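J.: Sending over entry.txt (compact mmCIF, C-alpha atoms).
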# COMPACT_ATOMS: atom_id res chain seq x y z
CA MET A 2 110.40 114.02 108.61
CA ASP A 3 106.68 113.91 109.26
CA ASN A 4 104.74 110.91 108.02
CA THR A 5 101.29 111.67 106.63
CA THR A 6 98.85 109.07 105.43
CA PHE A 7 96.84 109.51 102.25
CA GLY A 8 94.22 107.35 100.59
CA ASN A 9 90.68 106.20 101.00
CA ARG A 10 89.72 105.22 104.51
CA GLU A 11 89.18 101.53 103.98
CA SER A 12 87.47 99.42 106.55
CA GLY A 13 88.74 97.29 109.38
CA ASN A 14 92.23 95.84 109.45
CA HIS A 15 92.39 95.30 105.75
CA ALA A 16 93.35 98.48 104.00
CA SER A 17 94.18 102.04 104.77
CA GLY A 18 95.77 105.07 103.22
CA GLY A 19 99.30 104.78 101.92
CA CYS A 20 102.05 106.27 104.02
CA VAL A 21 103.73 109.39 102.68
CA SER A 22 107.14 110.69 103.56
CA SER A 23 107.13 114.45 103.07
CA VAL A 24 110.07 115.99 101.20
CA THR A 25 111.45 119.34 102.23
CA VAL A 26 112.12 121.55 99.24
CA SER A 27 113.97 124.81 99.15
CA GLY A 28 114.68 126.32 95.78
CA ASN A 29 116.22 123.62 93.64
CA HIS A 30 117.45 121.55 96.55
CA ALA A 31 115.73 118.71 98.35
CA SER A 32 116.35 117.20 101.76
CA PRO A 33 119.84 115.74 102.28
CA HIS A 34 118.49 112.28 101.42
CA VAL A 35 118.00 113.32 97.78
CA LYS A 36 121.32 114.63 96.62
CA PRO A 37 121.62 117.27 93.90
CA SER A 38 123.90 116.26 91.05
CA GLU A 39 126.20 118.43 88.96
CA ASP A 40 125.85 118.10 85.23
CA PRO A 41 128.70 115.84 84.07
CA SER A 42 130.58 116.20 80.84
CA HIS A 43 129.95 113.77 78.02
CA ALA A 44 133.08 111.82 78.95
CA GLU A 45 131.69 111.16 82.41
CA ARG A 46 128.50 109.56 81.11
CA LEU A 47 128.51 105.79 81.15
CA SER A 48 127.95 104.06 77.82
CA ALA A 49 125.23 101.46 77.46
CA ARG A 50 127.84 98.70 77.54
CA GLN A 51 129.14 99.92 80.92
CA VAL A 52 125.70 99.89 82.54
CA PRO A 53 124.63 96.44 83.84
CA LEU A 54 121.35 95.06 82.55
CA ARG A 55 119.66 95.45 85.97
CA MET A 56 120.33 99.20 85.67
CA ARG A 57 119.94 99.59 81.91
CA LYS A 58 116.24 98.70 82.00
CA TYR A 59 115.65 101.86 84.05
CA MET A 60 117.81 103.96 81.73
CA ASP A 61 115.86 102.70 78.72
CA ASN A 62 112.53 103.59 80.39
CA ALA A 63 113.53 106.89 81.98
CA ALA A 64 110.81 108.75 80.05
CA LEU A 65 108.15 106.95 82.11
CA PHE A 66 109.29 108.59 85.34
CA ARG A 67 109.04 112.05 86.84
CA CYS A 68 110.87 113.67 89.76
CA PRO A 69 108.70 113.30 92.91
CA VAL A 70 110.53 116.16 94.63
CA CYS A 71 109.71 118.63 91.87
CA ALA A 72 106.18 117.25 91.69
CA ALA A 73 105.71 117.84 95.44
CA ALA A 74 107.07 121.37 95.07
CA SER A 75 104.67 122.22 92.25
CA ALA A 76 101.72 120.73 94.13
CA LYS A 77 102.59 122.76 97.21
CA ALA A 78 102.84 125.97 95.20
CA ILE A 79 99.50 125.30 93.53
CA GLU A 80 97.71 124.48 96.79
CA GLU A 81 99.01 127.52 98.72
CA PRO A 82 97.34 130.69 97.33
CA ALA A 83 99.53 133.76 97.14
CA ASP A 84 98.66 137.13 98.66
CA ASN A 85 99.20 139.14 95.49
CA SER A 86 97.60 142.25 96.96
CA ARG A 87 100.51 143.03 99.24
CA ASP A 88 103.86 141.55 98.36
CA GLY A 89 103.62 140.42 94.75
CA ARG A 90 103.99 136.74 95.64
CA ASP A 91 101.54 135.70 92.93
CA GLY A 92 104.03 136.21 90.13
CA ARG A 93 106.83 134.47 92.02
CA ASP A 94 104.63 131.49 92.92
CA ARG A 95 103.47 131.07 89.34
CA GLN A 96 107.07 131.12 88.19
CA GLY A 97 107.95 128.52 90.80
CA VAL A 98 105.18 126.24 89.57
CA VAL A 99 106.35 126.60 85.98
CA GLU A 100 109.95 125.85 86.93
CA ALA A 101 108.99 122.80 89.00
CA ILE A 102 106.84 121.38 86.21
CA GLU A 103 109.53 121.96 83.61
CA SER A 104 112.17 120.18 85.72
CA MET A 105 110.08 117.08 86.52
CA ASP A 106 111.40 114.93 83.66
CA LEU A 107 114.03 112.39 84.70
CA LEU A 108 116.92 111.64 82.40
CA PRO A 109 119.48 108.80 82.59
CA ARG A 110 122.88 109.88 83.81
CA GLY A 111 125.38 107.15 84.50
CA SER A 112 123.61 104.72 86.85
CA ALA A 113 121.03 107.24 88.07
CA LEU A 114 117.92 109.12 87.02
CA VAL A 115 118.34 112.88 87.35
CA CYS A 116 115.97 115.83 86.86
CA ASP A 117 116.90 119.29 85.59
CA ALA A 118 116.91 120.61 89.16
CA GLY A 119 119.60 118.07 90.08
CA HIS A 120 117.58 115.66 92.19
CA THR A 121 119.26 112.29 91.75
CA PHE A 122 117.81 108.80 92.19
CA ASP A 123 120.38 106.04 91.94
CA VAL A 124 119.60 102.64 90.48
CA SER A 125 120.54 100.24 93.26
CA ARG A 126 122.89 97.35 92.59
CA LYS A 127 120.01 95.19 93.82
CA GLY A 128 118.04 96.35 90.77
CA TYR A 129 115.54 98.92 92.06
CA VAL A 130 115.14 102.70 92.38
CA ASN A 131 114.19 104.39 95.66
CA PHE A 132 112.05 107.47 95.03
CA VAL A 133 111.26 107.91 98.75
CA PRO A 134 114.72 107.73 100.36
CA SER A 135 113.63 109.54 103.54
CA GLN A 136 110.78 107.11 104.28
CA LYS A 137 110.88 105.72 107.81
CA PRO A 138 110.21 101.99 108.36
CA LEU A 139 106.52 101.18 108.76
CA LYS A 140 105.52 99.42 111.96
CA GLY A 141 104.99 95.72 111.35
CA TYR A 142 106.05 95.84 107.70
CA SER A 143 109.52 94.45 108.34
CA LYS A 144 111.79 92.28 106.24
CA ALA A 145 110.62 89.28 108.30
CA PHE A 146 106.98 90.08 107.45
CA PHE A 147 107.62 90.14 103.71
CA GLU A 148 109.82 87.02 103.88
CA ALA A 149 106.99 85.17 105.66
CA ARG A 150 104.56 86.44 103.05
CA ARG A 151 106.79 85.27 100.20
CA GLU A 152 107.14 81.81 101.76
CA PHE A 153 103.41 81.41 102.41
CA LEU A 154 102.49 82.53 98.90
CA SER A 155 105.04 80.12 97.41
CA TRP A 156 102.95 77.26 98.84
CA GLY A 157 100.10 78.15 96.47
CA TYR A 158 97.48 79.47 98.87
CA TYR A 159 96.84 82.57 96.74
CA ASP A 160 97.37 80.99 93.31
CA HIS A 161 93.66 81.10 92.48
CA VAL A 162 93.67 84.88 93.03
CA LEU A 163 96.83 85.25 90.92
CA GLN A 164 95.25 83.21 88.13
CA VAL A 165 92.25 85.55 87.88
CA VAL A 166 94.42 88.67 87.96
CA SER A 167 96.80 87.25 85.33
CA GLN A 168 93.96 86.33 83.00
CA VAL A 169 92.49 89.83 83.26
CA VAL A 170 95.83 91.50 82.51
CA LEU A 171 96.78 89.15 79.67
CA LYS A 172 93.43 89.66 77.97
CA ALA A 173 93.77 93.44 78.30
CA ALA A 174 97.30 93.31 76.87
CA ALA A 175 96.17 91.15 73.94
CA ASP A 176 93.19 93.39 73.22
CA ALA A 177 95.10 96.66 73.56
CA ARG A 178 95.69 98.79 70.52
CA VAL A 179 98.67 100.80 71.67
CA ASN A 180 101.64 101.94 69.63
CA ASP A 181 104.15 101.07 72.34
CA ARG A 182 104.37 98.39 75.02
CA PHE A 183 101.41 97.63 77.27
CA ARG A 184 102.44 99.12 80.63
CA VAL A 185 101.21 97.75 83.94
CA LEU A 186 101.78 99.26 87.40
CA ASP A 187 101.33 97.14 90.52
CA ALA A 188 100.66 99.86 93.10
CA GLY A 189 101.49 98.21 96.42
CA CYS A 190 103.43 95.27 94.99
CA ALA A 191 104.92 94.04 98.31
CA GLU A 192 107.51 91.35 97.55
CA GLY A 193 106.30 91.03 93.94
CA TYR A 194 104.20 87.84 93.98
CA TYR A 195 101.49 89.05 91.59
CA LEU A 196 103.77 90.86 89.15
CA ARG A 197 106.14 87.90 88.95
CA GLY A 198 103.18 85.59 88.37
CA ILE A 199 101.91 87.80 85.56
CA ARG A 200 105.36 87.83 83.97
CA GLN A 201 105.47 84.03 84.09
CA ALA A 202 101.98 83.80 82.57
CA ILE A 203 103.02 86.14 79.73
CA GLN A 204 106.15 84.11 79.03
CA THR A 205 104.16 80.87 79.05
CA ALA A 206 101.61 82.31 76.61
CA ASP A 207 104.40 83.56 74.38
CA ALA A 208 106.16 80.19 74.39
CA GLU A 209 102.89 78.46 73.46
CA ALA A 210 102.34 80.95 70.65
CA ASN A 211 105.87 80.35 69.33
CA GLU A 212 105.31 76.60 69.41
CA ALA A 213 102.01 77.02 67.56
CA ASP A 214 103.75 79.19 64.96
CA ALA A 215 106.47 76.58 64.51
CA ASN A 216 103.93 73.78 64.09
CA SER A 217 101.98 75.88 61.61
CA ALA A 218 105.14 76.56 59.61
CA GLU A 219 106.00 72.85 59.52
CA ILE A 220 102.51 71.96 58.28
CA SER A 221 102.63 74.72 55.68
CA GLY A 222 106.03 73.59 54.49
CA ALA A 223 104.81 70.04 54.13
CA GLU A 224 101.78 71.18 52.18
CA ILE A 225 103.94 73.26 49.85
CA SER A 226 106.33 70.40 49.17
CA GLY A 227 103.35 68.18 48.37
CA SER A 228 101.72 70.84 46.21
CA LYS A 229 98.53 70.54 48.25
CA VAL A 230 97.92 74.27 48.52
CA SER A 231 98.75 77.30 46.45
CA GLY A 232 101.51 79.64 47.54
CA SER A 233 99.00 82.41 48.17
CA LYS A 234 97.48 80.46 51.06
CA VAL A 235 100.74 79.76 52.86
CA SER A 236 101.62 83.13 54.39
CA GLY A 237 101.68 82.79 58.18
CA ALA A 238 98.22 84.29 58.32
CA LYS A 239 97.67 83.36 61.97
CA VAL A 240 100.35 85.73 63.18
CA ALA A 241 99.45 88.44 60.69
CA ASP A 242 95.79 88.34 61.72
CA GLY A 243 96.69 89.11 65.33
CA GLU A 244 95.74 85.75 66.82
CA ARG A 245 99.05 85.45 68.60
CA PRO A 246 98.94 86.49 72.27
CA ALA A 247 100.82 89.57 73.42
CA ALA A 248 104.52 88.76 73.65
CA ALA A 249 106.42 89.09 76.91
CA ALA A 250 108.66 91.77 75.42
CA ALA A 251 105.59 93.83 74.52
CA THR A 252 104.42 94.16 78.13
CA LEU A 253 106.27 96.31 80.67
CA LEU A 254 105.58 95.54 84.34
CA ILE A 255 106.40 98.01 87.13
CA GLY A 256 106.10 97.17 90.82
CA ALA A 257 105.87 99.98 93.38
CA ASP A 258 105.70 99.81 97.16
CA ILE A 259 106.42 102.24 100.01
CA SER A 260 108.42 99.55 101.84
CA LYS A 261 112.08 99.35 100.88
CA ASP A 262 112.36 95.87 102.41
CA ALA A 263 109.53 94.66 100.18
CA VAL A 264 111.00 96.13 97.00
CA ARG A 265 114.46 94.74 97.77
CA LEU A 266 112.94 91.26 97.95
CA ALA A 267 110.93 91.84 94.78
CA ALA A 268 113.98 93.00 92.82
CA GLY A 269 116.05 89.93 93.66
CA GLY A 270 116.67 87.62 90.73
CA GLY A 271 117.17 90.16 87.97
CA ASP A 272 113.88 89.76 86.08
CA PRO A 273 112.78 92.21 83.34
CA ASN A 274 110.31 93.95 85.67
CA LEU A 275 110.99 97.43 87.06
CA TRP A 276 110.85 97.79 90.85
CA ILE A 277 110.57 101.12 92.64
CA VAL A 278 110.17 102.32 96.22
CA ASP A 279 107.40 104.82 95.71
CA ASP A 280 104.49 106.61 97.35
CA VAL A 281 100.95 106.03 96.10
CA ALA A 282 100.11 109.65 96.94
CA ASN A 283 102.95 111.06 94.79
CA LEU A 284 103.92 108.44 92.23
CA ALA A 285 107.20 109.01 90.40
CA LEU A 286 105.51 108.24 87.09
CA ALA A 287 104.72 110.54 84.19
CA ASP A 288 101.16 111.56 83.35
CA ALA A 289 99.20 109.02 81.24
CA SER A 290 102.17 106.64 81.25
CA MET A 291 100.33 103.45 82.31
CA ASP A 292 97.76 101.31 80.52
CA CYS A 293 96.72 99.27 83.57
CA ILE A 294 97.05 99.58 87.36
CA LEU A 295 96.86 96.67 89.79
CA ASN A 296 95.91 97.40 93.39
CA VAL A 297 95.88 94.12 95.31
CA PHE A 298 94.80 94.04 98.98
CA THR A 299 96.28 97.50 99.48
CA PRO A 300 95.20 101.18 99.58
CA ALA A 301 94.17 103.12 96.49
CA ASN A 302 94.74 106.76 95.65
CA TYR A 303 92.30 107.44 92.83
CA ARG A 304 93.61 110.94 92.15
CA GLU A 305 97.09 109.62 91.38
CA PHE A 306 95.73 106.61 89.51
CA ARG A 307 93.71 108.99 87.34
CA ARG A 308 96.84 111.02 86.62
CA VAL A 309 99.16 108.17 85.60
CA LEU A 310 96.62 106.08 83.66
CA ARG A 311 96.09 106.86 80.00
CA HIS A 312 92.56 107.77 78.95
CA GLY A 313 90.50 104.59 79.03
CA GLY A 314 93.10 102.79 81.15
CA MET A 315 92.07 99.85 83.30
CA LEU A 316 92.14 99.50 87.10
CA VAL A 317 92.20 96.03 88.65
CA LYS A 318 91.56 96.20 92.40
CA VAL A 319 91.50 93.11 94.62
CA VAL A 320 89.69 93.31 97.95
CA PRO A 321 89.10 90.68 100.65
CA GLY A 322 85.82 88.84 100.43
CA PRO A 323 83.60 88.32 103.51
CA ARG A 324 85.17 84.93 104.33
CA HIS A 325 88.80 85.97 103.91
CA LEU A 326 90.96 84.42 106.65
CA GLU A 327 87.79 83.68 108.61
CA GLN A 328 89.37 80.84 110.62
CA LEU A 329 92.22 83.09 111.75
CA ARG A 330 89.78 85.88 112.57
CA ARG A 331 87.78 83.60 114.79
CA ALA A 332 90.94 82.46 116.58
CA LEU A 333 91.84 86.12 117.20
CA GLY A 334 88.31 87.00 118.34
CA ASP A 335 87.79 89.46 115.48
CA GLY A 336 84.31 90.29 114.20
CA ASP A 337 82.83 89.94 110.75
CA HIS A 338 84.60 91.59 107.88
CA ASP A 339 83.02 93.95 105.36
CA GLU A 340 84.74 95.70 102.45
CA GLY A 341 81.51 97.34 101.25
CA ASP A 342 82.82 100.88 101.59
CA VAL A 343 85.92 100.07 99.55
CA VAL A 344 83.83 98.51 96.78
CA ARG A 345 81.47 101.50 96.71
CA ILE A 346 84.39 103.92 96.40
CA PHE A 347 85.74 101.84 93.51
CA GLN A 348 82.35 101.94 91.79
CA ARG A 349 82.08 105.72 92.21
CA ASN A 350 85.46 106.13 90.54
CA CYS A 351 85.18 103.49 87.84
CA ASP A 352 82.85 102.16 85.21
CA THR A 353 82.91 98.60 86.53
CA THR A 354 83.29 95.95 83.83
CA ALA A 355 83.65 92.83 85.99
CA VAL A 356 83.52 91.57 89.57
CA ILE A 357 85.18 88.16 89.77
CA PRO A 358 85.10 86.06 92.96
CA ALA A 359 88.14 83.95 93.84
CA THR A 360 87.61 81.74 96.89
CA ARG A 361 89.25 78.56 98.12
CA THR A 362 89.70 76.84 101.47
CA PHE A 363 92.89 74.93 102.24
CA ASP A 364 94.31 72.65 104.90
CA VAL A 365 97.14 74.22 106.86
CA PRO A 366 99.68 71.81 108.40
CA PRO A 367 100.74 72.80 111.94
CA GLU A 368 104.28 73.64 110.84
CA ARG A 369 102.93 76.29 108.43
CA VAL A 370 100.75 78.13 110.95
CA PRO A 371 103.59 80.38 112.26
CA THR A 372 104.30 81.51 108.69
CA LEU A 373 100.60 82.24 108.12
CA ILE A 374 100.49 84.32 111.29
CA GLY A 375 103.74 86.06 110.36
CA MET A 376 102.46 87.23 106.98
CA THR A 377 99.21 88.91 108.02
CA PRO A 378 98.76 92.35 109.58
CA LEU A 379 96.01 90.83 111.70
CA ALA A 380 98.76 89.61 114.03
CA PHE A 381 100.67 92.88 114.32
CA ARG A 382 99.14 93.51 117.74
CA LEU A 383 100.27 90.17 119.16
CA ASP A 384 103.49 89.35 120.96
CA GLU A 385 105.39 86.11 120.38
CA ALA A 386 103.72 84.27 123.25
CA GLN A 387 100.28 85.16 121.92
CA ARG A 388 101.23 84.11 118.40
CA ARG A 389 102.36 80.67 119.58
CA LYS A 390 98.95 80.02 121.11
CA ILE A 391 97.06 80.48 117.85
CA MET A 392 96.15 77.29 116.04
CA VAL A 393 94.16 76.87 112.85
CA SER A 394 93.95 73.76 110.68
CA ARG A 395 92.24 75.33 107.66
CA ILE A 396 92.26 78.75 106.03
CA THR A 397 89.94 80.41 103.51
CA ILE A 398 91.39 82.82 100.96
CA ASP A 399 88.43 84.83 99.70
CA ALA A 400 88.91 87.70 97.26
CA ARG A 401 86.89 89.85 94.87
CA VAL A 402 88.68 91.05 91.74
CA LEU A 403 87.15 94.36 90.65
CA VAL A 404 87.84 95.44 87.07
CA GLY A 405 86.94 98.86 85.74
CA VAL A 406 87.83 101.88 83.65
CA LEU A 407 88.56 105.02 85.64
CA ARG A 408 86.17 107.88 84.99
CA PRO A 409 87.92 111.13 84.07
CA ASP A 410 85.87 113.24 86.49
CA GLU A 411 86.59 113.65 90.18
CA THR A 412 84.01 114.44 92.86
CA PRO A 413 84.55 115.25 96.55
CA ASP A 414 83.61 111.75 97.72
CA THR A 415 86.04 110.08 95.29
CA ILE A 416 89.11 112.18 96.01
CA ALA A 417 91.64 110.41 98.25
CA GLN A 418 91.09 111.60 101.81
CA THR A 419 93.85 112.37 104.30
CA THR A 420 93.70 110.07 107.32
CA ASN A 421 95.80 109.30 110.37
CA GLN A 422 95.66 105.55 109.95
CA SER A 423 98.81 103.46 109.98
CA LYS A 424 99.41 101.36 106.89
CA VAL A 425 97.43 98.20 107.63
CA ASN A 426 96.11 95.90 104.97
CA ASN A 427 95.40 92.26 104.44
CA ARG A 428 97.67 91.39 101.58
Hey, can you dump this file as structure tokens for me?

T.:
Amino acid sequence: MDNTTFGNRESGNHASGGCVSSVTVSGNHASPHVKPSEDPSHAERLSARQVPLRMRKYMDNAALFRCPVCAAASAKAIEEPADNSRDGRDGRDRQGVVEAIESMDLLPRGSALVCDAGHTFDVSRKGYVNFVPSQKPLKGYSKAFFEARREFLSWGYYDHVLQVVSQVVLKAAADARVNDRFRVLDAGCAEGYYLRGIRQAIQTADAEANEADANSAEISGAEISGSKVSGSKVSGAKVADGERPAAAAATLLIGADISKDAVRLAAGGGDPNLWIVDDVANLALADASMDCILNVFTPANYREFRRVLRHGGMLVKVVPGPRHLEQLRRALGDGDHDEGDVVRIFQRNCDTTAVIPATRTFDVPPERVPTLIGMTPLAFRLDEAQRRKIMVSRITIDARVLVGVLRPDETPDTIAQTTNQSKVNNR
């Protein structure tokens, strides 16, 4: 299968278009990697009790997804004009578009998500769904790379960035006035560091709110027994007035990455988050299904973000600051770093509401240097001998957290451009 790269051309070695694995479609059948499924009888359907929890969370949220194969087919039919003056293709193409759109919805069937055309996406026993099963491995983005990244992040070097991102998302969730859960997509989630951190922050806030409620109830009870206040004043007003932070159960977090190795690592542990192998240029998510999108040190596709975000939805994009990894850059002989083009593209697409710097410099013990080198794409071009020669004793993690609301309009300079870059970023 051909690999095509989509996304904004982002500068230097820090971000590039997301890698797309094309899907061959013929009629109602996809490539052999996406197997059609026959419609089973009712007896063949698994009951909720038979489906493990790691799978059931996808069954319960099936309405959020769409078939990427059918979506690709409809997009292809729309983009290729028919010659209706000679062979009557116009009517057939229009019918094909209608059929593809109508069959996009995914429904739970046993331990899989299946569209009306029969394209089947199994929920892995590891707890994730692969919507790009024909994707070839991306150079440099190996299991070892993501394991090194997970280890380095566990040492706290990026915690100050996570703290800013978590605060932005939690405030948005608490302020949201939505009828259903507040839904967050991490587009380019890697091994899941940011989404897991947000989940932990939500659970901490919820536990603190529960403790505050319990303390308030105890005080109210004591006041009632002592007849210090009238019954009309003791009514749990703090919760009723909406002062309680958004509960963990009220926020749905979805992590998506093109790398299967990354998503497998992210899905380990059986948390409530949803994890999908997905393509930023053809997301397997329904229109207007998300309230917030995170895009951390990784490529953006504003056309797809515009499609899956609800009207007024928030985009949180994190880009490297000018000092990011400056000590390592100097050791590698790299020049100055500038993400100005990426920021300008964000500002053309969004009404920017905040730009928050997050910068810290840390000591790096010698035994941690190999892990640092192993987790950055800056070192992809180096062999093992070259990597062993690199020594740094300090490292600066410099980020800018851009927060904005996507504008509904799309102009030629804001549409994601096709490039031939490999997927390189500075996560």

J.: From the list A:Leu254, A:Ile199, A:Met392, A:Ala175, which residue is nearest Tyr59 (chain A) when using all atoms listed in the file?

T.: A:Leu254

J.: Can you work out the spacing between CA of Phe298 (chain A) and CA of Lys390 (chain A) in Å, to one decimal?

T.: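 According to the coordinates, CA of Phe298 (chain A) and CA of Lys390 (chain A) are separated by 26.5 Å.
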
J.: In terms of the shortest atom-to-atom distance over all atoms listed in the file, which of A:Gly336, A:Pro358, A:Gly341, A:Gly269 is closest to Val166 (chain A)?

T.: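 Ranking A:Gly336, A:Pro358, A:Gly341, A:Gly269 by distance to Val166 (chain A), first place goes to A:Pro358.
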
J.: Point out the residue among A:Leu54, A:Cys351, A:Ile346, A:Leu326 with the least atom-to-atom distance to Pro409 (chain A), counting all atoms listed in the file.

T.: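 That would be A:Cys351, the residue with the smallest distance to Pro409 (chain A).
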
J.: Quick check, in Å to one decimal: how far apart do CA of Thr353 (chain A) and CA of Cys293 (chain A) lie?

T.: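 Straight-line distance from CA of Thr353 (chain A) to CA of Cys293 (chain A) works out to 14.1 Å.
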
J.: One decimal, in Å: what's the spacing between CA of Gly193 (chain A) and CA of Cys116 (chain A)?

T.: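 So the answer is 27.5 Å.
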
J.: Considering all atoms listed in the file, can you say which of A:Val365, A:Leu253, A:Leu163, A:Ala380 comes closest to Phe146 (chain A)?

T.: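 Comparing A:Val365, A:Leu253, A:Leu163, A:Ala380 against Phe146 (chain A), the winner is A:Ala380.
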
J.: Using all atoms listed in the file, which residue out of A:Asp123, A:Asp61, A:Leu139, A:Ala113 lies closest to Phe381 (chain A)?

T.: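 The shortest atom-to-atom distance to Phe381 (chain A) comes from A:Leu139.
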
J.: From the options A:Ala268, A:Leu286, A:Leu171, A:Ala210, which residue's atoms come nearest to Ala63 (chain A), counting all atoms listed in the file?

T.: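 Nearest to Ala63 (chain A): A:Leu286.
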
J.: Determine, counting all atoms listed in the file, which protein, DNA and RNA residues have an atom within 10 Å of an atom of Leu407 (chain A); residues of the same chain fewer than 3 positions away are not included. Present the result as a list of chain:residue names.

T.: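 Result of the neighbour search: A:Tyr303, A:Phe306, A:Arg307, A:Leu310, A:Arg311, A:His312, A:Gly313, A:Gly314, A:Met315, A:Leu316, A:Phe347, A:Gln348, A:Arg349, A:Asn350, A:Cys351, A:Asp352, A:Thr353, A:Val404, A:Asp410, A:Glu411.
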
J.: Write region 299-305 of chain A as an mmCIF file, keeping the file's coordinate frame, completed to all heavy atoms.

T.:
data_model
loop_
_atom_site.group_PDB
_atom_site.id
_atom_site.type_symbol
_atom_site.label_atom_id
_atom_site.label_comp_id
_atom_site.auth_asym_id
_atom_site.auth_seq_id
_atom_site.Cartn_x
_atom_site.Cartn_y
_atom_site.Cartn_z
ATOM 1 N N THR A 299 95.478 96.365 99.015
ATOM 2 C CA THR A 299 96.280 97.500 99.480
ATOM 3 C C THR A 299 95.567 98.797 99.137
ATOM 4 O O THR A 299 94.670 98.813 98.290
ATOM 5 C CB THR A 299 97.694 97.428 98.853
ATOM 6 O OG1 THR A 299 98.590 98.262 99.564
ATOM 7 C CG2 THR A 299 97.660 97.804 97.383
ATOM 8 N N PRO A 300 95.919 99.922 99.778
ATOM 9 C CA PRO A 300 95.200 101.180 99.580
ATOM 10 C C PRO A 300 95.261 101.715 98.158
ATOM 11 O O PRO A 300 96.214 101.475 97.420
ATOM 12 C CB PRO A 300 95.905 102.143 100.540
ATOM 13 C CG PRO A 300 96.574 101.276 101.539
ATOM 14 C CD PRO A 300 96.954 100.035 100.821
ATOM 15 N N ALA A 301 94.224 102.454 97.793
ATOM 16 C CA ALA A 301 94.170 103.120 96.490
ATOM 17 C C ALA A 301 94.246 104.627 96.680
ATOM 18 O O ALA A 301 93.820 105.158 97.703
ATOM 19 C CB ALA A 301 92.871 102.762 95.767
ATOM 20 N N ASN A 302 94.806 105.303 95.702
ATOM 21 C CA ASN A 302 94.740 106.760 95.650
ATOM 22 C C ASN A 302 94.225 107.092 94.245
ATOM 23 O O ASN A 302 94.981 107.140 93.278
ATOM 24 C CB ASN A 302 96.100 107.403 95.905
ATOM 25 C CG ASN A 302 96.006 108.916 96.017
ATOM 26 O OD1 ASN A 302 95.599 109.594 95.088
ATOM 27 N ND2 ASN A 302 96.390 109.445 97.165
ATOM 28 N N TYR A 303 92.919 107.300 94.142
ATOM 29 C CA TYR A 303 92.300 107.440 92.830
ATOM 30 C C TYR A 303 92.743 108.699 92.099
ATOM 31 O O TYR A 303 92.759 108.731 90.866
ATOM 32 C CB TYR A 303 90.778 107.387 92.969
ATOM 33 C CG TYR A 303 90.282 106.015 93.336
ATOM 34 C CD1 TYR A 303 90.021 105.677 94.656
ATOM 35 C CD2 TYR A 303 90.112 105.039 92.356
ATOM 36 C CE1 TYR A 303 89.585 104.397 94.989
ATOM 37 C CE2 TYR A 303 89.675 103.770 92.679
ATOM 38 C CZ TYR A 303 89.419 103.448 93.997
ATOM 39 O OH TYR A 303 88.999 102.174 94.325
ATOM 40 N N ARG A 304 93.120 109.723 92.824
ATOM 41 C CA ARG A 304 93.610 110.940 92.150
ATOM 42 C C ARG A 304 94.903 110.643 91.400
ATOM 43 O O ARG A 304 95.056 111.011 90.228
ATOM 44 C CB ARG A 304 93.828 112.051 93.186
ATOM 45 C CG ARG A 304 94.482 113.291 92.597
ATOM 46 C CD ARG A 304 94.605 114.398 93.627
ATOM 47 N NE ARG A 304 93.317 115.043 93.850
ATOM 48 C CZ ARG A 304 93.119 115.975 94.779
ATOM 49 N NH1 ARG A 304 94.104 116.350 95.573
ATOM 50 N NH2 ARG A 304 91.934 116.537 94.906
ATOM 51 N N GLU A 305 95.834 109.954 92.050
ATOM 52 C CA GLU A 305 97.090 109.620 91.380
ATOM 53 C C GLU A 305 96.873 108.570 90.290
ATOM 54 O O GLU A 305 97.494 108.635 89.224
ATOM 55 C CB GLU A 305 98.110 109.108 92.397
ATOM 56 C CG GLU A 305 98.918 110.197 93.069
ATOM 57 C CD GLU A 305 99.801 110.937 92.089
ATOM 58 O OE1 GLU A 305 100.959 110.531 91.858
ATOM 59 O OE2 GLU A 305 99.331 111.948 91.523
#
